[in-house]
Amino acid sequence: MFKITGLDKLQKNLKDAQRALSELDGELGVVNFDPNDPASIEGAIQSVNRMIDERLGEYSSNPIVGPLAEQMKEKYRESILEKAAEARLKSEEDD
């Protein structure tokens with residue numbers, strides 16, 4: 001007979017991840033920025049990072065949630081940068 005260890009920890013991690021994901025249900029928040037102002041863009045990125053940390057912070061050490069939070073931050077960062085670039089291009093086209 002053999003004993004499998006670590007299942008309790010895995011179950012706890014999965015339950016915590018489930019609770020963390022339920023924190024993400026609905027709107028995360030809204031950020032506004034000036035697409036021509038790098039400081040404004042960076043401020044919007046930092047605001048999103050704070051929103052994610054506020055929702056998931058207590059679970060940040062969870063091996064499932066921690067990497068997920070970092071991926072979300074990167075995805076939102078890329079999205080903000082893309083929207084800023086699109087807005088600048090549109091503004092140039094309108095001139």
# chains A, B, ... in the order shown; residues from 1 in each chain; ligands from 1

$ residues_around --residues "segment 8-21 of chain A" --least-positions-apart "5" --cutoff "7 Å" --atoms "only C-alpha atoms" --output "list in words"
Leu56, Tyr59, Asn62, Ile64 and Val65 of chain A

$ write_last_selection --atoms "C-alpha atoms" --output "short mmCIF file (atom, residue, chain, number, x, y, z; two decimals), in the first residue's frame"
data_model
loop_
_atom_site.label_atom_id
_atom_site.label_comp_id
_atom_site.auth_asym_id
_atom_site.auth_seq_id
_atom_site.Cartn_x
_atom_site.Cartn_y
_atom_site.Cartn_z
CA LEU A 56 -6.68 38.93 -6.25
CA TYR A 59 -4.54 34.90 -3.32
CA ASN A 62 -1.50 30.72 -4.76
CA ILE A 64 -2.58 29.02 -9.80
CA VAL A 65 -3.76 32.56 -9.11
#

$ residues_around --residues "segment 41-53 of chain A" --least-positions-apart "5" --cutoff "10 Å" --atoms "only C-alpha atoms" --output "compact mmCIF listing (two decimals) with N, CA, C and O atoms, in the first residue's frame"
# COMPACT_ATOMS: atom_id res chain seq x y z
N GLU A 23 -13.94 36.54 -7.79
CA GLU A 23 -13.68 37.96 -7.54
C GLU A 23 -13.58 38.74 -8.86
O GLU A 23 -13.76 39.96 -8.89
N LEU A 24 -13.26 38.05 -9.92
CA LEU A 24 -13.09 38.69 -11.23
C LEU A 24 -14.38 38.78 -12.02
O LEU A 24 -14.40 39.37 -13.10
N LEU A 28 -14.03 44.89 -14.05
CA LEU A 28 -12.84 45.08 -13.24
C LEU A 28 -12.72 46.55 -12.82
O LEU A 28 -12.39 46.87 -11.70
N GLY A 29 -13.00 47.42 -13.76
CA GLY A 29 -12.89 48.86 -13.50
C GLY A 29 -12.76 49.61 -14.80
O GLY A 29 -12.78 49.02 -15.88
N VAL A 30 -12.61 50.91 -14.69
CA VAL A 30 -12.49 51.77 -15.86
C VAL A 30 -11.25 52.64 -15.69
O VAL A 30 -11.00 53.16 -14.60
N VAL A 31 -10.48 52.77 -16.75
CA VAL A 31 -9.34 53.69 -16.74
C VAL A 31 -9.45 54.60 -17.95
O VAL A 31 -9.95 54.21 -19.01
N ASN A 32 -9.02 55.82 -17.76
CA ASN A 32 -8.96 56.79 -18.85
C ASN A 32 -7.52 57.28 -18.95
O ASN A 32 -6.81 57.34 -17.94
N PHE A 33 -7.11 57.61 -20.17
CA PHE A 33 -5.74 58.10 -20.34
C PHE A 33 -5.67 58.93 -21.61
O PHE A 33 -6.51 58.83 -22.51
N ASP A 34 -4.66 59.76 -21.65
CA ASP A 34 -4.36 60.57 -22.83
C ASP A 34 -3.40 59.77 -23.69
O ASP A 34 -2.27 59.51 -23.27
N PRO A 35 -3.82 59.37 -24.89
CA PRO A 35 -2.96 58.51 -25.72
C PRO A 35 -1.68 59.19 -26.18
O PRO A 35 -0.75 58.52 -26.63
N ASN A 36 -1.61 60.51 -26.03
CA ASN A 36 -0.42 61.25 -26.43
C ASN A 36 0.52 61.54 -25.26
O ASN A 36 1.54 62.18 -25.45
N GLU A 58 -5.10 38.79 -2.03
CA GLU A 58 -5.03 37.83 -0.94
C GLU A 58 -4.69 36.43 -1.44
O GLU A 58 -4.27 35.58 -0.67
N TYR A 59 -4.83 36.20 -2.73
CA TYR A 59 -4.54 34.90 -3.32
C TYR A 59 -3.24 34.90 -4.13
O TYR A 59 -2.94 33.94 -4.82
N SER A 60 -2.47 35.98 -4.05
CA SER A 60 -1.30 36.14 -4.92
C SER A 60 -0.25 35.05 -4.72
O SER A 60 0.51 34.75 -5.64
N GLY A 66 -1.48 33.37 -8.72
CA GLY A 66 -0.36 34.30 -8.89
C GLY A 66 0.04 34.48 -10.35
O GLY A 66 0.05 35.61 -10.87
N ALA A 69 -2.72 36.23 -12.37
CA ALA A 69 -2.76 37.68 -12.14
C ALA A 69 -1.70 38.38 -12.98
O ALA A 69 -1.98 39.42 -13.59
N GLU A 70 -0.51 37.82 -13.04
CA GLU A 70 0.56 38.42 -13.83
C GLU A 70 0.22 38.41 -15.32
O GLU A 70 0.49 39.37 -16.04
N MET A 72 -2.80 38.46 -16.55
CA MET A 72 -3.85 39.46 -16.74
C MET A 72 -3.25 40.86 -16.83
O MET A 72 -3.63 41.66 -17.69
N LYS A 73 -2.31 41.16 -15.95
CA LYS A 73 -1.67 42.48 -15.96
C LYS A 73 -1.00 42.73 -17.31
O LYS A 73 -1.12 43.82 -17.87
N GLU A 74 -0.30 41.74 -17.81
CA GLU A 74 0.39 41.89 -19.09
C GLU A 74 -0.61 42.07 -20.23
O GLU A 74 -0.42 42.89 -21.12
N TYR A 76 -3.71 43.30 -20.06
CA TYR A 76 -4.30 44.64 -19.98
C TYR A 76 -3.29 45.71 -20.39
O TYR A 76 -3.64 46.69 -21.03
N ARG A 77 -2.03 45.52 -20.02
CA ARG A 77 -0.98 46.47 -20.42
C ARG A 77 -0.90 46.55 -21.94
O ARG A 77 -0.89 47.64 -22.52
N GLU A 78 -0.84 45.39 -22.57
CA GLU A 78 -0.78 45.36 -24.04
C GLU A 78 -2.02 46.01 -24.65
O GLU A 78 -1.91 46.73 -25.64
N SER A 79 -3.17 45.77 -24.07
CA SER A 79 -4.41 46.35 -24.59
C SER A 79 -4.40 47.88 -24.49
O SER A 79 -4.79 48.57 -25.43
N ILE A 80 -3.94 48.39 -23.37
CA ILE A 80 -3.87 49.85 -23.19
C ILE A 80 -2.90 50.45 -24.20
O ILE A 80 -3.20 51.46 -24.83
N LEU A 81 -1.75 49.82 -24.37
CA LEU A 81 -0.76 50.33 -25.33
C LEU A 81 -1.31 50.29 -26.76
O LEU A 81 -1.10 51.22 -27.54
N LYS A 83 -4.53 50.43 -27.64
CA LYS A 83 -5.57 51.46 -27.76
C LYS A 83 -4.96 52.85 -27.88
O LYS A 83 -5.45 53.68 -28.65
N ALA A 84 -3.89 53.10 -27.16
CA ALA A 84 -3.21 54.39 -27.25
C ALA A 84 -2.64 54.58 -28.65
O ALA A 84 -2.78 55.65 -29.25

$ atom_distance --atom1 "atom CA of Glu86 of chain A" --atom2 "atom CA of Pro67 of chain A"
28.6 Å

$ atom_distance --atom1 "atom CA of Lys90 of chain A" --atom2 "atom CA of Pro38 of chain A"
17.1 Å

$ closest_residue --among "A:Ala85, A:Pro63, A:Arg55, A:Ala39" --to "Asp25 of chain A" --atoms "only C-alpha atoms"
A:Arg55
